[in-house]
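Peer 1: Sharing a structure here in structure tokens format.
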Amino acid sequence: MKILTTLLLLFFISASLHSQDQSKGIRKGPNFKAENLDGDLVELNAELGDGPVLLSFWATWCKPCIEELKEYKKIYEDYKDKGFKMYAISTDDERTVAKVKPFVKSKNFMFPVLLDTNSDIARLYYAQSVPYSVILDKKGLIIYSHLGYMRGDEVKVKEIISSEINK
Amino acid sequence: MIFLKQYSNRYVAVNQLFPKSKNRMKNPIYFLYIIILTLLLLIINQPINAQTESPWLTWPQGLGFSNQLEYSYNIDTKQEIFENWLNLDYTLGMFSSGLRLDVFQPNDPDPSISRGKDKFAEIDYIYFKADIGEKNEGISVTGGNFYTLFGRGMVLKSYEDRAIRIDNNFLGLKVTGKYDGFVLTGLSGMAANSNNERKDILHALDLEYRGWRPLKVGATVASNLSPSEEAARTTLASLRLLPSFWNIDMYAEYTAKFNEDIKQSIFNGSESIVGQGFYGNLNFYFGSLSLLGEYKYYDNIAFTSQDGTIFYNTPPSVRLEYTYILPNRHPSPLNQADEQGFQLAVGYNLSDDTYLTAAYTQTKTLPPSSYYQRVSQINIPVSTQLKEFYVSGQQNWSEDLTTIAALAYNEELATNTKNITPILENRFYFGEVNTIKIIIEHQHATDRTTTEQYYSDVLSVEYLRSPGFSVAVVSELQTKEPEPGRTVRKFWGFIQTGYKFGGHTDISLLVGTRQAGNICIGGVCRYEPAFQGVELKLLTRL
């Protein structure tokens with residue numbers, strides 16, 4: 001009975017969230033401070049205001065993440081001069097964090113990469129697994145989130161970023 | 001949290017006074033959970049554009065929630081497991097707070113997960129945080145439950161990983177201050193032991209400094225005070241260096257362990273430390289080439305609570321972890337007390353469409369002269385715990401086809417097996433949003449104790465349709481020949497579908513049978529028994 005009650009409530013919550021217009025944003029993206037690969041601190045709130053911000057949670061051992069980042073690399077190149085910002089947030093912990101910088105350099109990723117070694121930022125954004133993508137609008141409201149990656153997901157991401165830039 | 005636990009305990013007394021209401025009022029926290037869900041449902045159903053007009057039931061922009069539900073029913077054992085984690089977080093300017101409500105009814109029967117509780121609902125994590133100041137200068141104060149990681153976890157790593165059901169959060173106070181290149185963190189807290197009791201108190205201090213850009217230095221001291229007045233405290237101290245120049249990055253950390261009881265009883269006061277550890281890594285990258293070298297030496301540096309059930313530190317395991325099924329079948333758990341070894345890894349992009357990677361790791365136990373053996377008063381020669389070699393190549397033939405070929409080899413002492421695993425993965429893309437993945441894994445295992453050989457084959461076929469649908473069929477066949485001429489075959493297979501409702505909900509349903517195995521993350525493992533039945537996972541978030 002308890003399980004059924006829980007499932008029913010969760011179903012109605014999911015259905016209600018689904019019926020909302022996500023592009024308007026409901027929740028503000030929590031602020032965070034994290035180190036980039038050069039050891040400099042980046043604060044989210046200081047990066048808002050110019051255009052949409054894409055946060056991509058990933059890890060070196062995650063194959064779909066790498067596929068996704070290759071697509072995001074193209075989007076970043078297309079929109080970086082139009083106010084769009086992107087942060088690839090590595091959730092590699094103490095066992096694989098050593099691999100992050102060599103990996104990023106060898107793949108020639110030009111977007112900023114942040115280190116979230118104890119998943120503090122992932123916890124704030126409920127990134128239970130990777131890849132996980134979040135888009136914030138100029139005001140910092142979450143207007144898109146997506147767990148996992150399949151070929152074609154980047155089309156929607158590109159569409160949202162383009163629409164936000166043209167607002 | 002204390003109030004709620006006390007309330008929960010008091011509730012038993014209420015039930016004893018009013019036995020008729022026992023069933024209805026069994027789990028007050030569960031009812032709190034249902035009330036929270038109902039409120040969330042009501043608030044969400046207010047039209048967003050009405051939020052500015054009505055002061056009631058409007059969704060505060062700082063409020064976020066996530067609900068993760070996992071339910072399984074094992075037909076074989078008639079075992080039902082229901083696990084649910086609800087997170088609520090609220091941010092207002094520099095302040096934030098939140099809680100996690102856990103509902104396990106019934107819980108996983110594994111005692112390391114259930115911690116002696118079959119059915120329960122509790123607030124297991126609650127915090128309040130103030131973040132004052134600028135990006136590079138300021139102070140952050142967290143009261144309640146918190147996680148923390150210093151350096152690479154040689155001295156302290158407090159974290160949650162639901163996949164392996166690890167949660168060693170602290171209940172206490174953490175303060176971090178930043179000023180002029182210095183970062184100082186101090187904390188005091190208690191983690192929950194295997195009986196879900198917080199008894200030992202841990203105090204820790206970490207200082208990091210980056211005054212000169214190519215070099216960062218850090219130092220940590222952490223000390224565990226046991227509840228027993230007769231036992232001495234255990235202290236770990238470490239020093240770390242992170243130089244970075246040109247295309248080279250390095251990391252080096254040395255740790256020493258102190259305990260007065262061991263010092264006096266084992267070494268008669270002649271040695272000041274009772275354990276030591278070193279971890280170092282060297283990275284080099286040039287163009288499309290990346291090289292990584294890691295070295296570890298962990299001699300009696302396991303940092304635990306007095307009862308030994310809470311592990312405060314998790315240094316880098318220096319092991320390979322695989323995204324495929326079969327290479328993970330013979331894992332080697334991390335032992336912070338008795339390990340030495342290294343890893344060498346190379347990655348090379350031949351072109352945008354071709355990527356090669358290779359890695360070798362080796363882990364050995366320590367010699368009889370080690371602190372570990374002297375403290376444990378044993379005399380065991382060095383043995384190889386784990387040897388691993390992995391090579392893989394990825395080729396994108398065209399926009400529509402990608403192939404990955406890999407070979408994994410490992411020798412593992414705990415199961416005393418030697419395993420060779422070739423893997424072939426092909427991905428076919430069509431119609432912009434469709435993918436078909438076919439993965440074939442074959443493993444040839446040799447039991448070095450009995451010299452028995454057996455084979456495992458896994459075939460995974462997965463169809464993915466962006467943005468929200470996936471279905472996978474995974475089958476596994478194990479072939480054994482216990483005696484010449486007699487072949488025994490076992491088959492497992494399941495079908496798993498996944499679907500996304502908008503950007504907020506992910507649901508997955510698994511039906512079928514699954515082979516027993518270990519899930520290991522960073523050398524920390526969780527055993528999953530064989531399964532036959534239905535498994536439902538639902539993740540909702542905002």
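Residues in the structure tokens are named by chain (A, B, ... in the order shown) and by number from 1 within that chain; ligands are numbered from 1 in the order shown.
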Would you list the contacts of Ala127 of chain A as a list of chain:residue names, taking every protein, DNA or RNA residue within 10 Å and counting only C-alpha atoms, but skipping same-chain residues closer than 3 positions in sequence?
Peer 2: A:Ser56, A:Phe57, A:Trp58, A:Thr91, A:Ser119, A:Ile121, A:Ala122, A:Arg123, A:Leu124, A:Val130, A:Pro131, A:Tyr132, A:Ser133, A:Val134, A:Ser145, A:His146, A:Leu147, B:Ser66, B:Arg541
Peer 1: Would you mind listing, for every residue of chain B within 6 Å of chain A, the two atoms forming the shortest contact and the distance between them in Å to one decimal, using only C-alpha atoms, sorted by chain and ascending residue number, as a Markdown table?
Peer 2:
| residue | atom | partner | partner_atom | distance |
| --- | --- | --- | --- | --- |
| B:Leu41 | CA | A:Ile13 | CA | 5.2 |
| B:Gln61 | CA | A:Arg27 | CA | 4.5 |
| B:Gly62 | CA | A:Lys28 | CA | 5.7 |
| B:Arg152 | CA | A:Glu94 | CA | 4.8 |
| B:Tyr285 | CA | A:Pro102 | CA | 5.4 |
| B:Gly287 | CA | A:Ser106 | CA | 5.9 |
| B:Ser288 | CA | A:Ser106 | CA | 4.3 |
| B:Leu289 | CA | A:Ser106 | CA | 5.7 |
| B:Ser290 | CA | A:Pro102 | CA | 5.2 |
| B:Pro316 | CA | A:Arg95 | CA | 4.3 |
| B:Ser317 | CA | A:Arg95 | CA | 5.9 |
| B:Glu432 | CA | A:Gly152 | CA | 5.7 |
| B:Val433 | CA | A:Gly152 | CA | 4.4 |
| B:Ser466 | CA | A:Gly152 | CA | 5.5 |
| B:Pro467 | CA | A:Asp153 | CA | 5.5 |
| B:Gly502 | CA | A:His18 | CA | 5.2 |
| B:Gly503 | CA | A:Ser145 | CA | 5.3 |
Peer 1: Need to verify the contact set: segment 125-135 of chain B, 8 Å, only C-alpha atoms, exclusion of same-chain residues closer than 6 positions in sequence. Can you return it as a PDB file with N, CA, C and O atoms, in the first residue's frame?
Peer 2:
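Now in result-v7.pdb:
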ATOM      1  N   LYS A  33      31.352  27.385  -6.318  1.00  0.00           N
ATOM      2  CA  LYS A  33      32.717  27.809  -6.647  1.00  0.00           C
ATOM      3  C   LYS A  33      33.524  26.554  -6.875  1.00  0.00           C
ATOM      4  O   LYS A  33      33.439  25.615  -6.068  1.00  0.00           O
ATOM      5  N   LEU A  41      39.785  29.721  -9.348  1.00  0.00           N
ATOM      6  CA  LEU A  41      38.401  29.502  -8.913  1.00  0.00           C
ATOM      7  C   LEU A  41      37.414  30.151  -9.882  1.00  0.00           C
ATOM      8  O   LEU A  41      37.630  31.268 -10.357  1.00  0.00           O
ATOM      9  N   VAL A  42      36.336  29.441 -10.153  1.00  0.00           N
ATOM     10  CA  VAL A  42      35.248  29.968 -10.984  1.00  0.00           C
ATOM     11  C   VAL A  42      33.989  29.958 -10.118  1.00  0.00           C
ATOM     12  O   VAL A  42      33.701  28.972  -9.444  1.00  0.00           O
ATOM     13  N   GLU A  43      33.263  31.089 -10.131  1.00  0.00           N
ATOM     14  CA  GLU A  43      32.014  31.148  -9.378  1.00  0.00           C
ATOM     15  C   GLU A  43      30.869  31.323 -10.364  1.00  0.00           C
ATOM     16  O   GLU A  43      30.902  32.204 -11.222  1.00  0.00           O
TER      17      GLU A  43
ATOM     18  N   MET B   1      17.336  16.454  13.409  1.00  0.00           N
ATOM     19  CA  MET B   1      17.467  15.011  13.259  1.00  0.00           C
ATOM     20  C   MET B   1      17.337  14.299  14.600  1.00  0.00           C
ATOM     21  O   MET B   1      16.640  13.316  14.731  1.00  0.00           O
ATOM     22  N   MET B  94      23.144  34.074   0.410  1.00  0.00           N
ATOM     23  CA  MET B  94      24.355  33.373   0.871  1.00  0.00           C
ATOM     24  C   MET B  94      24.025  32.159   1.755  1.00  0.00           C
ATOM     25  O   MET B  94      24.909  31.417   2.142  1.00  0.00           O
ATOM     26  N   PHE B  95      22.729  31.990   2.065  1.00  0.00           N
ATOM     27  CA  PHE B  95      22.345  30.890   2.961  1.00  0.00           C
ATOM     28  C   PHE B  95      21.726  29.724   2.180  1.00  0.00           C
ATOM     29  O   PHE B  95      21.023  29.937   1.193  1.00  0.00           O
ATOM     30  N   SER B  96      21.983  28.549   2.656  1.00  0.00           N
ATOM     31  CA  SER B  96      21.326  27.385   2.068  1.00  0.00           C
ATOM     32  C   SER B  96      21.104  26.340   3.158  1.00  0.00           C
ATOM     33  O   SER B  96      21.841  26.287   4.151  1.00  0.00           O
ATOM     34  N   SER B  97      20.082  25.542   2.949  1.00  0.00           N
ATOM     35  CA  SER B  97      19.821  24.461   3.900  1.00  0.00           C
ATOM     36  C   SER B  97      19.116  23.342   3.152  1.00  0.00           C
ATOM     37  O   SER B  97      18.632  23.538   2.030  1.00  0.00           O
ATOM     38  N   GLY B  98      19.065  22.190   3.764  1.00  0.00           N
ATOM     39  CA  GLY B  98      18.420  21.076   3.081  1.00  0.00           C
ATOM     40  C   GLY B  98      18.372  19.845   3.952  1.00  0.00           C
ATOM     41  O   GLY B  98      18.949  19.805   5.046  1.00  0.00           O
ATOM     42  N   LEU B  99      17.670  18.863   3.464  1.00  0.00           N
ATOM     43  CA  LEU B  99      17.581  17.594   4.192  1.00  0.00           C
ATOM     44  C   LEU B  99      17.407  16.450   3.207  1.00  0.00           C
ATOM     45  O   LEU B  99      17.027  16.654   2.044  1.00  0.00           O
ATOM     46  N   ARG B 100      17.712  15.260   3.691  1.00  0.00           N
ATOM     47  CA  ARG B 100      17.462  14.037   2.911  1.00  0.00           C
ATOM     48  C   ARG B 100      16.655  13.087   3.784  1.00  0.00           C
ATOM     49  O   ARG B 100      17.069  12.783   4.911  1.00  0.00           O
ATOM     50  N   LEU B 101      15.535  12.671   3.222  1.00  0.00           N
ATOM     51  CA  LEU B 101      14.651  11.774   3.963  1.00  0.00           C
ATOM     52  C   LEU B 101      14.759  10.393   3.317  1.00  0.00           C
ATOM     53  O   LEU B 101      14.497  10.234   2.128  1.00  0.00           O
ATOM     54  N   VAL B 141      30.460  28.405   6.424  1.00  0.00           N
ATOM     55  CA  VAL B 141      30.184  27.649   7.653  1.00  0.00           C
ATOM     56  C   VAL B 141      29.051  26.663   7.386  1.00  0.00           C
ATOM     57  O   VAL B 141      27.998  27.061   6.877  1.00  0.00           O
ATOM     58  N   THR B 142      29.275  25.392   7.682  1.00  0.00           N
ATOM     59  CA  THR B 142      28.233  24.373   7.516  1.00  0.00           C
ATOM     60  C   THR B 142      27.987  23.705   8.862  1.00  0.00           C
ATOM     61  O   THR B 142      28.913  23.217   9.503  1.00  0.00           O
ATOM     62  N   GLY B 143      26.732  23.694   9.265  1.00  0.00           N
ATOM     63  CA  GLY B 143      26.352  22.995  10.486  1.00  0.00           C
ATOM     64  C   GLY B 143      25.380  21.889  10.145  1.00  0.00           C
ATOM     65  O   GLY B 143      24.575  22.016   9.232  1.00  0.00           O
ATOM     66  N   GLY B 144      25.472  20.768  10.855  1.00  0.00           N
ATOM     67  CA  GLY B 144      24.606  19.627  10.549  1.00  0.00           C
ATOM     68  C   GLY B 144      25.419  18.541   9.877  1.00  0.00           C
ATOM     69  O   GLY B 144      26.558  18.271  10.271  1.00  0.00           O
ATOM     70  N   ASN B 145      24.856  17.930   8.844  1.00  0.00           N
ATOM     71  CA  ASN B 145      25.588  16.870   8.126  1.00  0.00           C
ATOM     72  C   ASN B 145      26.370  17.472   6.970  1.00  0.00           C
ATOM     73  O   ASN B 145      25.917  18.418   6.325  1.00  0.00           O
ATOM     74  N   PHE B 146      27.528  16.894   6.710  1.00  0.00           N
ATOM     75  CA  PHE B 146      28.333  17.377   5.579  1.00  0.00           C
ATOM     76  C   PHE B 146      29.299  16.286   5.108  1.00  0.00           C
ATOM     77  O   PHE B 146      29.544  15.306   5.814  1.00  0.00           O
TER      78      PHE B 146
END
Peer 1: Could you pull out all residues of segment 329-442 of chain B with a DSSP call of strand (DSSP E or B) and give them as a short mmCIF file (atom, residue, chain, number, x, y, z; two decimals) with N, CA and C atoms, in the first residue's frame?
Peer 2:
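Writing the result to part.cif gives the following:
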data_model
loop_
_atom_site.label_atom_id
_atom_site.label_comp_id
_atom_site.auth_asym_id
_atom_site.auth_seq_id
_atom_site.Cartn_x
_atom_site.Cartn_y
_atom_site.Cartn_z
N ASP B 338 47.57 -2.39 3.46
CA ASP B 338 48.56 -3.35 2.99
C ASP B 338 48.64 -3.38 1.46
N GLU B 339 49.10 -2.29 0.86
CA GLU B 339 49.17 -2.25 -0.60
C GLU B 339 50.34 -1.43 -1.09
N GLN B 340 50.93 -1.88 -2.16
CA GLN B 340 51.88 -1.05 -2.90
C GLN B 340 51.69 -1.39 -4.37
N GLY B 341 51.88 -0.40 -5.23
CA GLY B 341 51.69 -0.70 -6.65
C GLY B 341 51.77 0.54 -7.51
N PHE B 342 51.46 0.35 -8.77
CA PHE B 342 51.56 1.47 -9.72
C PHE B 342 50.60 1.28 -10.89
N GLN B 343 50.43 2.33 -11.64
CA GLN B 343 49.66 2.29 -12.88
C GLN B 343 50.37 3.11 -13.95
N LEU B 344 50.37 2.60 -15.15
CA LEU B 344 50.88 3.34 -16.30
C LEU B 344 49.77 3.36 -17.34
N ALA B 345 49.45 4.53 -17.86
CA ALA B 345 48.37 4.61 -18.85
C ALA B 345 48.78 5.56 -19.96
N VAL B 346 48.38 5.23 -21.16
CA VAL B 346 48.67 6.08 -22.31
C VAL B 346 47.42 6.21 -23.17
N GLY B 347 47.19 7.41 -23.66
CA GLY B 347 46.07 7.65 -24.57
C GLY B 347 46.58 8.41 -25.78
N TYR B 348 46.10 8.06 -26.96
CA TYR B 348 46.59 8.74 -28.16
C TYR B 348 45.49 8.86 -29.20
N ASN B 349 45.28 10.08 -29.67
CA ASN B 349 44.31 10.31 -30.74
C ASN B 349 45.06 10.30 -32.07
N LEU B 350 44.92 9.23 -32.81
CA LEU B 350 45.58 9.19 -34.12
C LEU B 350 44.98 10.23 -35.05
N SER B 351 43.68 10.40 -34.94
CA SER B 351 42.96 11.43 -35.70
C SER B 351 41.67 11.70 -34.94
N THR B 354 40.00 8.27 -34.63
CA THR B 354 40.68 7.08 -34.11
C THR B 354 41.34 7.39 -32.77
N TYR B 355 41.00 6.60 -31.76
CA TYR B 355 41.55 6.84 -30.42
C TYR B 355 42.02 5.53 -29.82
N LEU B 356 43.24 5.54 -29.30
CA LEU B 356 43.82 4.34 -28.70
C LEU B 356 44.13 4.59 -27.24
N THR B 357 43.92 3.58 -26.42
CA THR B 357 44.28 3.72 -25.01
C THR B 357 44.81 2.38 -24.48
N ALA B 358 45.77 2.46 -23.58
CA ALA B 358 46.32 1.24 -22.97
C ALA B 358 46.70 1.55 -21.53
N ALA B 359 46.54 0.57 -20.66
CA ALA B 359 46.89 0.79 -19.25
C ALA B 359 47.34 -0.51 -18.60
N TYR B 360 48.26 -0.38 -17.66
CA TYR B 360 48.74 -1.53 -16.90
C TYR B 360 48.80 -1.15 -15.43
N THR B 361 48.27 -2.00 -14.56
CA THR B 361 48.39 -1.73 -13.13
C THR B 361 48.88 -2.97 -12.40
N GLN B 362 49.52 -2.73 -11.29
CA GLN B 362 49.98 -3.85 -10.47
C GLN B 362 49.85 -3.45 -8.99
N THR B 363 49.30 -4.37 -8.20
CA THR B 363 49.17 -4.14 -6.76
C THR B 363 49.75 -5.34 -6.02
N LYS B 364 50.64 -5.06 -5.08
CA LYS B 364 51.24 -6.14 -4.28
C LYS B 364 51.00 -5.88 -2.80
N THR B 384 51.48 -10.89 -5.16
CA THR B 384 50.81 -10.00 -6.12
C THR B 384 49.30 -10.13 -5.94
N GLN B 385 48.69 -9.01 -5.60
CA GLN B 385 47.25 -8.97 -5.33
C GLN B 385 46.47 -8.85 -6.63
N LEU B 386 47.00 -8.04 -7.50
CA LEU B 386 46.26 -7.74 -8.73
C LEU B 386 47.22 -7.29 -9.83
N LYS B 387 46.97 -7.84 -11.02
CA LYS B 387 47.70 -7.39 -12.21
C LYS B 387 46.65 -7.15 -13.27
N GLU B 388 46.67 -6.02 -13.91
CA GLU B 388 45.64 -5.73 -14.92
C GLU B 388 46.30 -5.11 -16.15
N PHE B 389 45.77 -5.48 -17.28
CA PHE B 389 46.21 -4.85 -18.53
C PHE B 389 44.97 -4.63 -19.38
N TYR B 390 44.87 -3.45 -19.94
CA TYR B 390 43.69 -3.14 -20.75
C TYR B 390 44.13 -2.32 -21.95
N VAL B 391 43.67 -2.73 -23.11
CA VAL B 391 43.96 -1.96 -24.32
C VAL B 391 42.67 -1.83 -25.12
N SER B 392 42.43 -0.65 -25.65
CA SER B 392 41.22 -0.48 -26.46
C SER B 392 41.47 0.50 -27.59
N GLY B 393 40.73 0.32 -28.65
CA GLY B 393 40.82 1.21 -29.80
C GLY B 393 39.43 1.56 -30.29
N GLN B 394 39.25 2.83 -30.59
CA GLN B 394 37.94 3.26 -31.11
C GLN B 394 38.12 3.83 -32.50
N GLN B 395 37.27 3.40 -33.41
CA GLN B 395 37.34 3.88 -34.79
C GLN B 395 35.95 4.33 -35.24
N ASN B 396 35.86 5.60 -35.62
CA ASN B 396 34.60 6.09 -36.20
C ASN B 396 34.72 5.92 -37.72
N TRP B 397 34.08 4.89 -38.25
CA TRP B 397 34.23 4.59 -39.68
C TRP B 397 33.54 5.64 -40.53
N SER B 398 32.39 6.08 -40.04
CA SER B 398 31.64 7.11 -40.75
C SER B 398 30.72 7.77 -39.73
N LEU B 401 28.62 4.77 -38.18
CA LEU B 401 29.15 3.54 -37.58
C LEU B 401 30.43 3.80 -36.78
N THR B 402 30.42 3.29 -35.55
CA THR B 402 31.61 3.37 -34.68
C THR B 402 31.89 1.98 -34.12
N THR B 403 33.17 1.62 -34.08
CA THR B 403 33.57 0.33 -33.53
C THR B 403 34.58 0.54 -32.40
N ILE B 404 34.37 -0.20 -31.31
CA ILE B 404 35.36 -0.20 -30.23
C ILE B 404 35.78 -1.65 -30.01
N ALA B 405 37.08 -1.88 -30.05
CA ALA B 405 37.59 -3.22 -29.76
C ALA B 405 38.49 -3.11 -28.54
N ALA B 406 38.34 -4.03 -27.59
CA ALA B 406 39.12 -3.94 -26.35
C ALA B 406 39.55 -5.32 -25.88
N LEU B 407 40.63 -5.33 -25.12
CA LEU B 407 41.10 -6.58 -24.52
C LEU B 407 41.49 -6.30 -23.07
N ALA B 408 40.88 -7.06 -22.16
CA ALA B 408 41.21 -6.89 -20.73
C ALA B 408 41.82 -8.18 -20.21
N TYR B 409 42.88 -8.04 -19.43
CA TYR B 409 43.53 -9.20 -18.82
C TYR B 409 43.74 -8.89 -17.35
N ASN B 410 43.35 -9.82 -16.48
CA ASN B 410 43.70 -9.58 -15.08
C ASN B 410 43.98 -10.87 -14.32
N GLU B 411 44.85 -10.73 -13.33
CA GLU B 411 45.15 -11.81 -12.39
C GLU B 411 44.80 -11.28 -11.02
N GLU B 412 43.92 -11.99 -10.33
CA GLU B 412 43.40 -11.45 -9.08
C GLU B 412 43.56 -12.50 -7.98
N THR B 417 42.04 -16.08 -9.65
CA THR B 417 41.69 -16.36 -11.04
C THR B 417 42.55 -15.53 -12.00
N LYS B 418 42.61 -16.07 -13.21
CA LYS B 418 43.26 -15.35 -14.31
C LYS B 418 42.19 -15.19 -15.37
N ASN B 419 41.98 -13.97 -15.87
CA ASN B 419 40.83 -13.72 -16.75
C ASN B 419 41.26 -12.96 -18.00
N ILE B 420 40.85 -13.49 -19.13
CA ILE B 420 41.13 -12.81 -20.40
C ILE B 420 39.78 -12.48 -21.04
N THR B 421 39.60 -11.19 -21.37
CA THR B 421 38.28 -10.76 -21.85
C THR B 421 38.38 -9.91 -23.12
N PRO B 422 38.15 -10.49 -24.28
CA PRO B 422 38.03 -9.65 -25.48
C PRO B 422 36.61 -9.07 -25.60
N ILE B 423 36.52 -7.84 -26.09
CA ILE B 423 35.22 -7.14 -26.18
C ILE B 423 35.12 -6.46 -27.55
N LEU B 424 33.94 -6.53 -28.12
CA LEU B 424 33.69 -5.82 -29.38
C LEU B 424 32.38 -5.07 -29.27
N GLU B 425 32.45 -3.78 -29.54
CA GLU B 425 31.23 -2.96 -29.48
C GLU B 425 31.05 -2.24 -30.81
N ASN B 426 29.85 -2.32 -31.35
CA ASN B 426 29.52 -1.59 -32.57
C ASN B 426 28.32 -0.71 -32.32
N ARG B 427 28.41 0.53 -32.78
CA ARG B 427 27.28 1.45 -32.64
C ARG B 427 26.85 1.89 -34.03
N PHE B 428 25.57 1.70 -34.30
CA PHE B 428 25.02 2.11 -35.59
C PHE B 428 24.08 3.28 -35.35
N TYR B 429 24.30 4.36 -36.10
CA TYR B 429 23.46 5.54 -35.93
C TYR B 429 22.62 5.71 -37.19
N PHE B 430 21.35 5.99 -37.03
CA PHE B 430 20.53 6.25 -38.21
C PHE B 430 19.39 7.22 -37.86
N ASN B 434 18.47 7.92 -33.71
CA ASN B 434 18.40 6.49 -33.38
C ASN B 434 19.80 5.88 -33.29
N THR B 435 19.99 5.05 -32.29
CA THR B 435 21.26 4.34 -32.15
C THR B 435 20.98 2.88 -31.80
N ILE B 436 21.72 2.00 -32.41
CA ILE B 436 21.70 0.60 -31.99
C ILE B 436 23.11 0.25 -31.55
N LYS B 437 23.22 -0.29 -30.32
CA LYS B 437 24.53 -0.69 -29.79
C LYS B 437 24.54 -2.20 -29.65
N ILE B 438 25.57 -2.81 -30.15
CA ILE B 438 25.71 -4.27 -29.97
C ILE B 438 27.07 -4.50 -29.31
N ILE B 439 27.04 -5.12 -28.15
CA ILE B 439 28.29 -5.36 -27.42
C ILE B 439 28.43 -6.86 -27.17
N ILE B 440 29.58 -7.39 -27.58
CA ILE B 440 29.86 -8.81 -27.34
C ILE B 440 31.07 -8.90 -26.42
N GLU B 441 30.90 -9.60 -25.31
CA GLU B 441 32.01 -9.80 -24.36
C GLU B 441 32.20 -11.30 -24.15
N HIS B 442 33.44 -11.71 -24.17
CA HIS B 442 33.75 -13.13 -23.91
C HIS B 442 34.85 -13.17 -22.85
#
Peer 1: Could you tell me how far atom CA of Val103 of chain B sits from atom CA of Lys78 of chain B, in Å to one decimal place?
Peer 2: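 We find that atom CA of Lys78 of chain B and atom CA of Val103 of chain B lie 20.3 Å from each other.
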Peer 1: Just list the residues in segment 171-293 of chain B DSSP gives helix (DSSP H, G or I) on the backbone, as a VMD selection string.
Peer 2: chain B and resid 260 to 265
Peer 1: Filtering to N, CA, C and O atoms, could you give me those residues as an mmCIF file, in the first residue's frame?
Peer 2:
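In the end it all went to out_17.cif:
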data_model
loop_
_atom_site.group_PDB
_atom_site.id
_atom_site.type_symbol
_atom_site.label_atom_id
_atom_site.label_comp_id
_atom_site.auth_asym_id
_atom_site.auth_seq_id
_atom_site.Cartn_x
_atom_site.Cartn_y
_atom_site.Cartn_z
ATOM 1 N N GLU B 260 49.144 6.182 20.255
ATOM 2 C CA GLU B 260 49.976 5.960 21.440
ATOM 3 C C GLU B 260 49.868 4.524 21.947
ATOM 4 O O GLU B 260 50.870 3.933 22.391
ATOM 5 N N ASP B 261 48.678 3.933 21.886
ATOM 6 C CA ASP B 261 48.489 2.552 22.361
ATOM 7 C C ASP B 261 49.363 1.573 21.584
ATOM 8 O O ASP B 261 50.042 0.723 22.154
ATOM 9 N N ILE B 262 49.339 1.705 20.256
ATOM 10 C CA ILE B 262 50.122 0.797 19.401
ATOM 11 C C ILE B 262 51.618 1.065 19.593
ATOM 12 O O ILE B 262 52.428 0.137 19.682
ATOM 13 N N LYS B 263 51.932 2.351 19.676
ATOM 14 C CA LYS B 263 53.341 2.748 19.861
ATOM 15 C C LYS B 263 53.932 2.081 21.112
ATOM 16 O O LYS B 263 55.043 1.536 21.076
ATOM 17 N N GLN B 264 53.160 2.084 22.196
ATOM 18 C CA GLN B 264 53.668 1.520 23.450
ATOM 19 C C GLN B 264 53.580 -0.011 23.460
ATOM 20 O O GLN B 264 54.538 -0.697 23.831
ATOM 21 N N SER B 265 52.446 -0.561 23.024
ATOM 22 C CA SER B 265 52.245 -2.007 23.167
ATOM 23 C C SER B 265 53.020 -2.819 22.121
ATOM 24 O O SER B 265 53.485 -3.920 22.402
#
Peer 1: In Å, how far is it from atom CA of Ser163 of chain A to atom CA of Tyr79 of chain A?
Peer 2: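 Computed distance, atom CA of Ser163 of chain A to atom CA of Tyr79 of chain A, equals 11.5 Å.
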Peer 1: Of the candidates A:Ala88, A:Ile75, A:Leu4, A:Leu48, which one gets nearest to Ile160 of chain A if we count only C-alpha atoms?
Peer 2: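 Closest residue, counting only C-alpha atoms: A:Ile75.
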Peer 1: Between atom CA of Gly51 of chain A and atom CA of Ile43 of chain B, what is the distance in Å, rounded to a tenth?
Peer 2: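 Interatomic distance, atom CA of Gly51 of chain A to atom CA of Ile43 of chain B: 28.8 Å.
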